[in-house]
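A.B. asks: What follows is the file coords24.txt, containing compact mmCIF, C-alpha atoms:
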# COMPACT_ATOMS: atom_id res chain seq x y z
CA MET P 1 36.74 116.36 80.46
CA ARG P 2 39.93 117.67 78.92
CA ILE P 3 43.34 116.60 80.27
CA THR P 4 46.99 117.26 79.42
CA CYS P 5 49.22 114.59 77.85
CA LYS P 6 51.70 113.08 80.33
CA ASN P 7 54.43 112.87 77.71
CA PRO P 8 56.74 115.87 78.42
CA ASP P 9 57.85 115.84 74.77
CA CYS P 10 54.32 115.76 73.35
CA PRO P 11 54.12 117.60 69.98
CA ARG P 12 50.90 119.24 71.21
CA GLU P 13 53.12 121.21 73.64
CA GLY P 14 50.88 120.78 76.67
CA LYS P 15 47.58 121.61 74.99
CA PRO P 16 44.61 119.81 76.65
CA PHE P 17 42.81 117.04 74.79
CA VAL P 18 39.67 114.94 75.29
CA PRO P 19 40.65 111.32 76.12
CA LYS P 20 39.02 108.59 74.07
CA ARG P 21 38.74 106.31 77.10
CA ALA P 22 38.63 106.69 80.87
CA GLY P 23 42.00 106.74 82.56
CA ALA P 24 43.96 107.64 79.43
CA GLN P 25 47.24 109.43 80.20
CA PHE P 26 48.50 110.19 76.68
CA CYS P 27 46.97 111.87 73.66
CA SER P 28 48.19 109.18 71.24
CA GLY P 29 49.89 105.80 71.02
CA ARG P 30 53.03 107.54 69.78
CA CYS P 31 53.24 109.65 72.96
CA ARG P 32 52.60 106.61 75.14
CA THR P 33 55.42 104.69 73.41
CA ALA P 34 57.80 107.66 73.64
CA ALA P 35 57.13 108.06 77.38
CA TYR P 36 57.67 104.34 77.97
CA ARG P 37 61.00 104.36 76.13
CA LYS P 38 62.13 107.36 78.12
CA ARG P 39 61.31 105.61 81.40
CA GLN P 40 63.22 102.51 80.29
CA ALA P 41 66.30 104.42 79.13
CA PRO P 42 69.43 103.90 81.26
CA PRO P 43 70.32 106.75 83.63
CA PRO P 44 72.91 109.27 82.41
CA VAL P 45 76.53 108.38 82.97
CA THR P 46 78.17 109.93 86.03
CA LEU P 47 81.00 112.18 84.85
CA TRP P 48 84.04 113.44 86.75
CA LEU P 49 84.46 117.17 86.07
CA GLY P 50 87.56 117.76 88.17
CA LYS P 51 91.16 117.41 87.07
CA GLU P 52 91.44 114.20 85.08
CA PRO P 53 93.72 111.71 86.82
CA SER P 54 96.08 109.48 84.86
CA PHE P 55 98.03 106.28 85.25
CA SER P 56 101.74 105.87 85.22
CA THR P 57 102.72 103.40 82.51
CA ALA P 58 106.38 103.39 83.55
CA PRO P 59 107.66 100.11 85.03
CA SER P 60 106.90 99.94 88.74
CA ARG P 61 109.81 100.37 91.10
CA ALA P 62 107.94 98.31 93.70
CA PHE P 63 108.37 94.57 94.07
CA ASN P 64 106.00 91.79 95.08
CA TYR P 65 106.67 89.69 98.14
CA ASP P 66 108.14 86.94 95.93
CA GLY P 67 110.67 89.41 94.48
CA THR P 68 109.03 89.86 91.06
CA PRO P 69 108.35 93.42 89.83
CA ALA P 70 104.88 94.71 90.72
CA LEU P 71 102.52 95.71 87.91
CA SER P 72 102.44 99.40 87.08
CA ARG P 73 99.16 101.17 87.85
CA GLY P 74 98.40 101.30 84.15
CA LYS P 75 98.78 97.55 83.70
CA LEU P 76 96.94 96.85 86.95
CA ALA P 77 94.09 99.01 85.67
CA GLU P 78 93.79 96.85 82.54
CA ARG P 79 93.70 93.71 84.67
CA LEU P 80 90.99 95.17 86.92
CA LEU P 81 88.88 96.03 83.88
CA GLU P 82 89.16 92.40 82.81
CA ILE P 83 88.03 91.32 86.30
CA ALA P 84 85.07 93.72 86.18
CA GLU P 85 83.87 92.27 82.88
CA ARG P 86 84.77 88.60 83.34
CA ASP P 87 84.55 87.54 86.99
CA ASP P 88 81.26 87.03 88.88
CA ALA P 89 79.44 87.15 85.52
CA GLY P 90 80.31 90.84 85.14
CA LYS P 91 78.24 91.87 88.16
CA PRO P 92 79.20 94.85 90.40
CA LYS P 93 81.62 93.98 93.21
CA THR P 94 82.97 95.53 96.38
CA GLY P 95 86.51 96.86 96.43
CA ARG P 96 87.39 93.99 98.75
CA ARG P 97 86.11 91.52 96.15
CA TYR P 98 88.26 93.14 93.44
CA TYR P 99 91.24 92.76 95.80
CA TYR P 100 90.69 89.03 96.30
CA LEU P 101 90.09 88.41 92.62
CA ALA P 102 93.28 90.30 91.74
CA LEU P 103 95.06 88.21 94.36
CA SER P 104 93.67 84.97 92.92
CA HIS P 105 94.85 85.88 89.41
CA GLY P 106 98.31 86.82 90.66
CA TYR P 107 98.03 90.52 89.71
CA ILE P 108 99.08 91.45 93.24
CA LYS P 109 101.31 89.34 95.47
CA PRO P 110 101.47 90.67 99.05
CA ASP P 111 102.99 88.88 102.03
CA MET P 112 100.40 86.44 103.45
CA SER P 113 102.24 85.60 106.69
CA ASP P 114 101.21 86.62 110.22
CA THR P 115 103.47 89.58 110.93
CA ALA P 116 102.91 93.31 111.28
CA GLU P 117 104.97 93.88 108.15
CA ALA P 118 102.87 91.33 106.22
CA LYS P 119 99.67 93.07 107.29
CA ARG P 120 101.06 96.38 106.03
CA SER P 121 101.90 94.63 102.75
CA ARG P 122 98.31 93.40 102.36
CA ASP P 123 96.84 96.77 103.37
CA SER P 124 99.08 98.51 100.85
CA ALA P 125 97.98 96.13 98.08
CA CYS P 126 94.33 96.68 98.97
CA ASP P 127 94.81 100.47 98.99
CA ARG P 128 96.46 100.24 95.57
CA ILE P 129 93.43 98.39 94.18
CA THR P 130 91.11 101.04 95.67
CA ILE P 131 93.12 103.91 94.16
CA VAL P 132 93.22 102.35 90.69
CA LEU P 133 89.48 101.58 90.78
CA GLY P 134 88.82 105.21 91.73
CA ILE P 135 90.85 106.50 88.79
CA LEU P 136 89.13 104.12 86.37
CA ARG P 137 85.75 105.45 87.46
CA LYS P 138 86.81 109.08 87.20
CA VAL P 139 88.15 108.74 83.66
CA GLY P 140 84.98 106.91 82.58
CA ARG P 141 86.54 103.51 81.85
CA LEU P 142 84.62 101.78 84.67
CA GLY P 143 81.04 102.55 85.59
CA TRP P 144 80.52 104.10 89.02
CA ASP P 145 78.00 101.41 89.89
CA MET P 146 80.52 98.64 89.17
CA VAL P 147 82.20 99.21 92.54
CA LEU P 148 79.79 98.67 95.42
CA ASP P 149 80.05 100.89 98.49
CA LEU P 150 78.34 99.29 101.48
CA THR P 151 79.13 102.13 103.88
CA ARG P 152 76.99 104.90 102.38
CA GLU P 153 73.26 104.89 101.75
CA LEU P 154 71.04 107.50 100.13
CA ASP P 155 67.35 107.60 101.01
CA GLU P 156 65.16 108.54 98.07
CA TRP P 157 61.36 108.83 98.01
CA GLN P 158 59.57 106.57 95.54
CA THR P 159 57.34 108.57 93.18
CA TYR P 160 55.22 107.64 90.16
CA ARG P 161 54.04 109.48 87.07
CA SER P 162 50.57 108.00 87.17
CA PRO P 163 48.33 105.51 89.03
CA ARG P 164 48.92 103.07 86.18
CA GLU P 165 52.69 103.19 86.73
CA ALA P 166 52.16 102.70 90.48
CA ARG P 167 49.98 99.63 89.87
CA ALA P 168 52.59 98.18 87.50
CA ALA P 169 55.32 98.70 90.11
CA LEU P 170 53.13 97.07 92.77
CA ARG P 171 52.53 94.05 90.53
CA ARG P 172 56.29 93.60 90.11
CA ARG P 173 56.92 93.81 93.86
CA TYR P 174 53.88 91.88 95.06
CA GLN P 175 54.77 88.73 97.00
CA GLU P 176 53.21 86.33 99.45
CA ASP P 177 54.90 83.98 101.89
CA ARG P 178 56.12 81.12 99.69
CA TRP P 179 57.16 79.00 102.65
CA LEU P 180 53.69 78.43 104.15
CA GLY P 181 53.12 74.70 104.47
CA GLN P 182 56.76 73.76 103.89
CA PRO P 183 58.45 71.55 106.52
CA TYR P 184 61.02 74.22 107.43
CA TYR P 185 61.84 77.88 106.93
CA PRO P 186 65.38 78.91 105.82
CA ILE P 187 67.47 81.87 106.92
CA LEU P 188 70.97 82.90 105.79
CA ILE P 189 73.46 84.39 108.28
CA VAL P 190 76.88 85.69 107.26
CA GLU P 191 79.80 86.88 109.33
CA LYS P 192 80.43 90.20 107.60
CA ASP P 193 78.71 92.83 105.50
CA THR P 194 81.15 92.46 102.59
CA LEU P 195 79.35 89.24 101.65
CA GLU P 196 76.03 91.05 101.15
CA PRO P 197 76.42 91.61 97.36
CA VAL P 198 77.26 87.92 96.90
CA CYS P 199 74.62 86.39 99.18
CA LYS P 200 71.66 88.76 99.06
CA PRO P 201 70.58 87.76 95.51
CA MET P 202 70.57 84.10 96.62
CA ALA P 203 68.47 84.99 99.67
CA ARG P 204 66.06 86.99 97.49
CA ARG P 205 65.65 84.10 95.05
CA TRP P 206 64.69 81.74 97.87
CA GLN P 207 62.73 84.44 99.75
CA MET P 208 64.70 83.81 102.93
CA PRO P 209 65.76 86.41 105.52
CA PHE P 210 69.37 87.49 105.17
CA ALA P 211 71.28 88.95 108.10
CA SER P 212 74.64 89.70 109.59
CA SER P 213 73.11 90.54 112.98
CA ARG P 214 70.64 89.21 115.56
CA VAL P 215 67.61 87.30 114.35
CA ALA P 216 66.30 85.50 117.47
CA GLU P 217 63.18 87.66 117.82
CA MET P 218 62.22 87.21 114.18
CA LEU P 219 62.57 83.43 114.42
CA ARG P 220 60.47 83.29 117.60
CA HIS P 221 57.69 85.32 115.94
CA ARG P 222 57.85 83.11 112.85
CA PHE P 223 57.45 79.94 114.91
CA ALA P 224 54.55 81.43 116.88
CA LYS P 225 52.74 82.29 113.61
CA THR P 226 53.46 79.22 111.44
CA LYS P 227 54.92 76.56 113.81
CA GLN P 228 57.81 76.19 111.34
CA LEU P 229 61.29 75.42 112.60
CA ALA P 230 64.13 77.32 110.95
CA VAL P 231 67.00 75.93 108.91
CA ILE P 232 69.89 78.35 109.47
CA TYR P 233 72.61 78.58 106.84
CA PHE P 234 75.78 80.11 108.20
CA ILE P 235 78.87 81.56 106.51
CA SER P 236 82.02 82.77 108.28
CA ASP P 237 85.79 82.85 107.87
CA LEU P 238 87.68 79.61 108.41
CA ASP P 239 89.78 80.94 111.26
CA PRO P 240 89.62 80.83 115.07
CA SER P 241 87.25 83.80 115.34
CA GLY P 242 84.99 82.62 112.49
CA LEU P 243 84.50 79.19 114.04
CA ASP P 244 83.98 80.72 117.47
CA LEU P 245 81.33 83.01 115.99
CA GLN P 246 79.40 79.95 114.83
CA ARG P 247 79.60 78.51 118.35
CA ALA P 248 78.40 81.84 119.77
CA TRP P 249 75.42 81.94 117.39
CA GLU P 250 74.32 78.42 118.27
CA GLU P 251 74.73 79.14 121.96
CA ALA P 252 72.85 82.46 121.76
CA LEU P 253 69.89 80.93 119.92
CA ALA P 254 69.68 78.20 122.55
CA ASN P 255 69.81 80.79 125.34
CA PHE P 256 66.95 82.70 123.69
CA ASN P 257 65.00 79.42 123.52
CA VAL P 258 64.91 79.53 119.72
CA ARG P 259 64.36 76.05 118.34
CA VAL P 260 65.89 75.32 114.92
CA ALA P 261 65.69 72.24 112.71
CA TYR P 262 69.27 72.49 111.43
CA PHE P 263 72.23 74.83 111.82
CA VAL P 264 74.19 74.27 108.60
CA ARG P 265 77.64 75.71 107.93
CA ILE P 266 77.61 76.50 104.20
CA GLY P 267 81.08 78.04 104.16
CA LEU P 268 83.89 78.45 104.60
CA MET P 269 85.01 74.83 105.01
CA ARG P 270 88.35 73.15 104.44
CA VAL P 271 86.97 70.97 101.64
CA GLN P 272 85.96 74.16 99.80
CA VAL P 273 89.42 75.63 100.29
CA ASP P 274 91.07 72.48 98.94
CA ALA P 275 88.81 72.65 95.86
CA LEU P 276 89.92 76.19 94.92
CA ASP P 277 91.66 76.23 91.54
CA ASN P 278 94.15 78.91 92.62
CA GLU P 279 97.10 77.80 94.71
CA ARG P 280 97.78 81.25 96.12
CA LEU P 281 94.28 81.40 97.63
CA ARG P 282 94.64 77.85 98.93
CA GLN P 283 97.73 78.95 100.87
CA GLY P 284 95.68 81.25 103.11
CA ILE P 285 97.13 83.36 105.93
CA GLU P 286 99.09 82.27 109.00
CA VAL P 287 97.04 81.86 112.17
CA LYS P 288 97.94 84.35 114.90
CA PRO P 289 99.58 82.33 117.71
CA SER P 290 98.51 85.03 120.17
CA ASP P 291 94.83 84.17 119.62
CA SER P 292 93.56 82.22 122.64
CA ARG P 293 91.55 79.98 120.28
CA ALA P 294 94.51 79.27 117.98
CA GLU P 295 95.65 76.02 119.67
CA SER P 296 92.31 74.29 119.18
CA TYR P 297 91.98 75.58 115.63
CA ILE P 298 95.51 74.48 114.61
CA ALA P 299 94.84 71.00 115.97
CA HIS P 300 91.94 70.59 113.51
CA PHE P 301 92.91 72.72 110.50
CA GLY P 302 96.64 73.40 110.65
CA GLU P 303 98.51 76.69 110.88
CA ARG P 304 96.75 78.49 108.00
CA CYS P 305 93.38 80.24 107.92
CA TRP P 306 91.17 81.69 105.18
CA GLU P 307 88.61 84.47 104.70
CA THR P 308 85.24 83.78 103.08
CA ASP P 309 86.07 86.27 100.30
CA VAL P 310 88.17 83.57 98.60
CA LEU P 311 85.02 81.51 97.96
CA PRO P 312 83.35 81.97 94.53
CA ALA P 313 79.68 82.99 94.67
CA SER P 314 78.75 79.94 92.61
CA VAL P 315 80.02 77.60 95.33
CA ILE P 316 77.90 79.27 98.01
CA GLU P 317 74.86 79.31 95.72
CA GLN P 318 75.21 75.62 94.86
CA ALA P 319 75.58 74.64 98.52
CA ILE P 320 72.43 76.56 99.50
CA ASP P 321 70.43 75.23 96.53
CA ASP P 322 71.42 71.62 97.16
CA HIS P 323 70.52 71.71 100.85
CA ILE P 324 67.18 73.50 100.39
CA ARG P 325 66.15 71.14 97.59
CA SER P 326 66.98 68.19 99.85
CA TRP P 327 63.97 68.98 102.08
CA LEU P 328 61.79 71.32 99.96
CA ASP P 329 58.30 70.17 98.95
CA ALA P 330 58.68 71.08 95.26
CA LYS P 331 55.02 70.52 94.36
CA LEU P 332 53.84 72.79 97.16
CA TRP P 333 56.40 75.43 96.13
CA ALA P 334 55.13 75.38 92.53
CA ARG P 335 51.51 75.59 93.72
CA ARG P 336 52.25 78.61 95.93
CA ASP P 337 54.08 80.24 93.02
CA ALA P 338 51.00 79.85 90.80
CA GLU P 339 48.73 81.26 93.54
CA ILE P 340 50.93 84.35 93.90
CA GLU P 341 50.98 84.92 90.14
CA ARG P 342 47.17 84.76 90.04
CA ALA P 343 46.95 87.27 92.89
CA ARG P 344 49.49 89.55 91.19
CA ALA P 345 47.39 89.56 88.01
CA LEU P 346 44.46 91.05 89.98
CA LEU P 347 46.38 94.24 90.79
Written as structure tokens, that's how I'd like the structure from this file.
C.D. replies:
Amino acid sequence: MRITCKNPDCPREGKPFVPKRAGAQFCSGRCRTAAYRKRQAPPPVTLWLGKEPSFSTAPSRAFNYDGTPALSRGKLAERLLEIAERDDAGKPKTGRRYYYLALSHGYIKPDMSDTAEAKRSRDSACDRITIVLGILRKVGRLGWDMVLDLTRELDEWQTYRSPREARAALRRRYQEDRWLGQPYYPILIVEKDTLEPVCKPMARRWQMPFASSRVAEMLRHRFAKTKQLAVIYFISDLDPSGLDLQRAWEEALANFNVRVAYFVRIGLMRVQVDALDNERLRQGIEVKPSDSRAESYIAHFGERCWETDVLPASVIEQAIDDHIRSWLDAKLWARRDAEIERARALL
């Protein structure tokens, strides 16, 4: 049987050949290597073909809340490039994350009080970060994938060049339930979607469900199948609404008759705020007196509140790791890992 080489750049120019072994896809080892390298090559860079934007390098006429001159867009752009490369181990970040990192480094200094004017100051600073990030991407100084957009999704169909490639992809994705036999089953719940880029890799590493929405039905099905109780790790803002959200979650799970082993608040907590190495982030934002839950909150935490975005990813990761390892059966985990690797090798 004669077949055609799967390498689109084959020097035979599509002429059929007789394979030396069953299932061969390429006419030679050179073509197989060339096709592999092409598959592994990074995707082409996204280019902006419209009118090229530019930064103003003139001194800014705007002033920070503390009266110091604000950085020009050109200088702010340089600082944001440093953040992109240095902070969070150089991983992609949301625009909101860039805003909080710029705030922590003192590159922007909006009003952090609880007034309408202060909110406009913070919104303006956040918009300024967004605009500068957009320009950096358009002029090619910052990769488009370095700014995460959680609001837009594109559905693409998975395709393969050959059955061999499909089997290789399946081997990489193949998993089994690693938590079978363990005393508990963890799940991570966060208050808002902006934490997804920070927390989802941690959830993937521990193979635990990750959600910012309802999970009662999933937990009930899990218990019916394995008799495992859940350990719920929860993250929310340290403010009246964030603490009330935790109360609402615990109450809702009880009302749905979902039994859990522990409900653990991983963040944000006052001890984590006090440990921040940036005083501006430790200052937080004034609590809104108009909030009906403010009086109770102020009695416990004072008149300032904080958003979870101020918390470094490493702090969340360490808190989750420490708590899971406190009850995990490590020997059973390693044994399950070996069983899954043996099963994966059969594919």
A.B. asks: Pick from P:Pro312, P:Gly284, P:Gly74, P:Pro8: nearest to Val198 in chain P, with all atoms listed in the file counted?
C.D. replies: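 Smallest separation from Val198 in chain P among the options: P:Pro312.
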A.B. asks: Given the choices P:Tyr98, P:Trp249, P:Phe263, P:Tyr160, which gets closest to Leu133 in chain P if the distance is worked out from all atoms listed in the file?
C.D. replies: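 Between P:Tyr98, P:Trp249, P:Phe263, P:Tyr160, the residue approaching Leu133 in chain P most closely is P:Tyr98.
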A.B. asks: What separation in Å, quoted to one decimal, exists between CA of Phe301 in chain P and CA of Arg270 in chain P?
C.D. replies: 7.6 Å
A.B. asks: Do you know which residues are at most 8 Å from Tyr233 in chain P counting only C-alpha atoms, after dropping those on the same chain fewer than 6 positions away, and could you put them as a PyMOL selection string?
C.D. replies: chain P and resi 186-189+263-266+320
A.B. asks: Take the selection from the previous step and output its residues with C-alpha atoms, as a short mmCIF file (atom, residue, chain, number, x, y, z; two decimals), in the coordinates of the input.
C.D. replies:
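The new file out.cif reads:
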data_model
loop_
_atom_site.label_atom_id
_atom_site.label_comp_id
_atom_site.auth_asym_id
_atom_site.auth_seq_id
_atom_site.Cartn_x
_atom_site.Cartn_y
_atom_site.Cartn_z
CA PRO P 186 65.38 78.91 105.82
CA ILE P 187 67.47 81.87 106.92
CA LEU P 188 70.97 82.90 105.79
CA ILE P 189 73.46 84.39 108.28
CA PHE P 263 72.23 74.83 111.82
CA VAL P 264 74.19 74.27 108.60
CA ARG P 265 77.64 75.71 107.93
CA ILE P 266 77.61 76.50 104.20
CA ILE P 320 72.43 76.56 99.50
#
A.B. asks: I'd like the neighbourhood of Leu101 in chain P as a list in words, where a residue qualifies if any of its atoms comes within 10 Å (using only C-alpha atoms), though same-chain residues fewer than 2 positions away should be ignored.
C.D. replies: Leu80, Ile83, Ala84, Asp87, Asp88, Gly95, Arg96, Arg97, Tyr98, Tyr99, Leu103, Ser104, His105, Gly106, Tyr107, Ile108, Leu281, Asp309, Val310 and Pro312 of chain P
A.B. asks: Counting all atoms listed in the file, figure out which residue out of P:Lys227, P:Arg128, P:Lys91, P:Lys75 gets nearest to Arg259 in chain P.
C.D. replies: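 Selected residue with least distance to Arg259 in chain P: P:Lys227.
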A.B. asks: Could you check how far CA of Glu341 in chain P sits from CA of Arg173 in chain P, in Å to one decimal?
C.D. replies: 11.3 Å
A.B. asks: Between P:Lys109, P:Arg164, P:His323, P:Arg32, which residue has the minimum interatomic distance to Ala125 in chain P, considering only C-alpha atoms?
C.D. replies: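 Selected residue with least distance to Ala125 in chain P: P:Lys109.
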A.B. asks: In the coordinate frame of the file, compute which residues have an atom within 12 Å of (48.3, 81.5, 95.9) when using only C-alpha atoms, and state them as a VMD selection string.
C.D. replies: chain P and resid 174 to 181 332 to 346
A.B. asks: Work out how far CA of Glu117 in chain P is from CA of Glu307 in chain P, in Å to one decimal.
C.D. replies: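 Taking CA of Glu307 in chain P as the start and CA of Glu117 in chain P as the end point, the length is 19.2 Å.
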A.B. asks: Find, counting all atoms listed in the file, the residue in P:Gln182, P:Ser121, P:Thr94, P:Thr33 that gets nearest to Trp327 in chain P.
C.D. replies: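 Counting all atoms listed in the file, the residue closest to Trp327 in chain P is P:Gln182.
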A.B. asks: Would you mind listing what lies within 10 Å of Glu217 in chain P as a PyMOL selection string, with only C-alpha atoms counted and same-chain residues fewer than 6 positions away left out?
C.D. replies: chain P and resi 253+256+258
A.B. asks: Let me see the file: selected residues, C-alpha atoms, as a PDB file, in the coordinates of the input.
C.D. replies:
ATOM      1  CA  LEU P 253      69.890  80.930 119.920  1.00  0.00           C
ATOM      2  CA  PHE P 256      66.950  82.700 123.690  1.00  0.00           C
ATOM      3  CA  VAL P 258      64.910  79.530 119.720  1.00  0.00           C
TER       4      VAL P 258
END
A.B. asks: Between P:Arg39, P:Arg141, P:Arg30, P:Lys15, which one has atoms that come closest to Leu81 in chain P, using all atoms listed in the file?
C.D. replies: P:Arg141
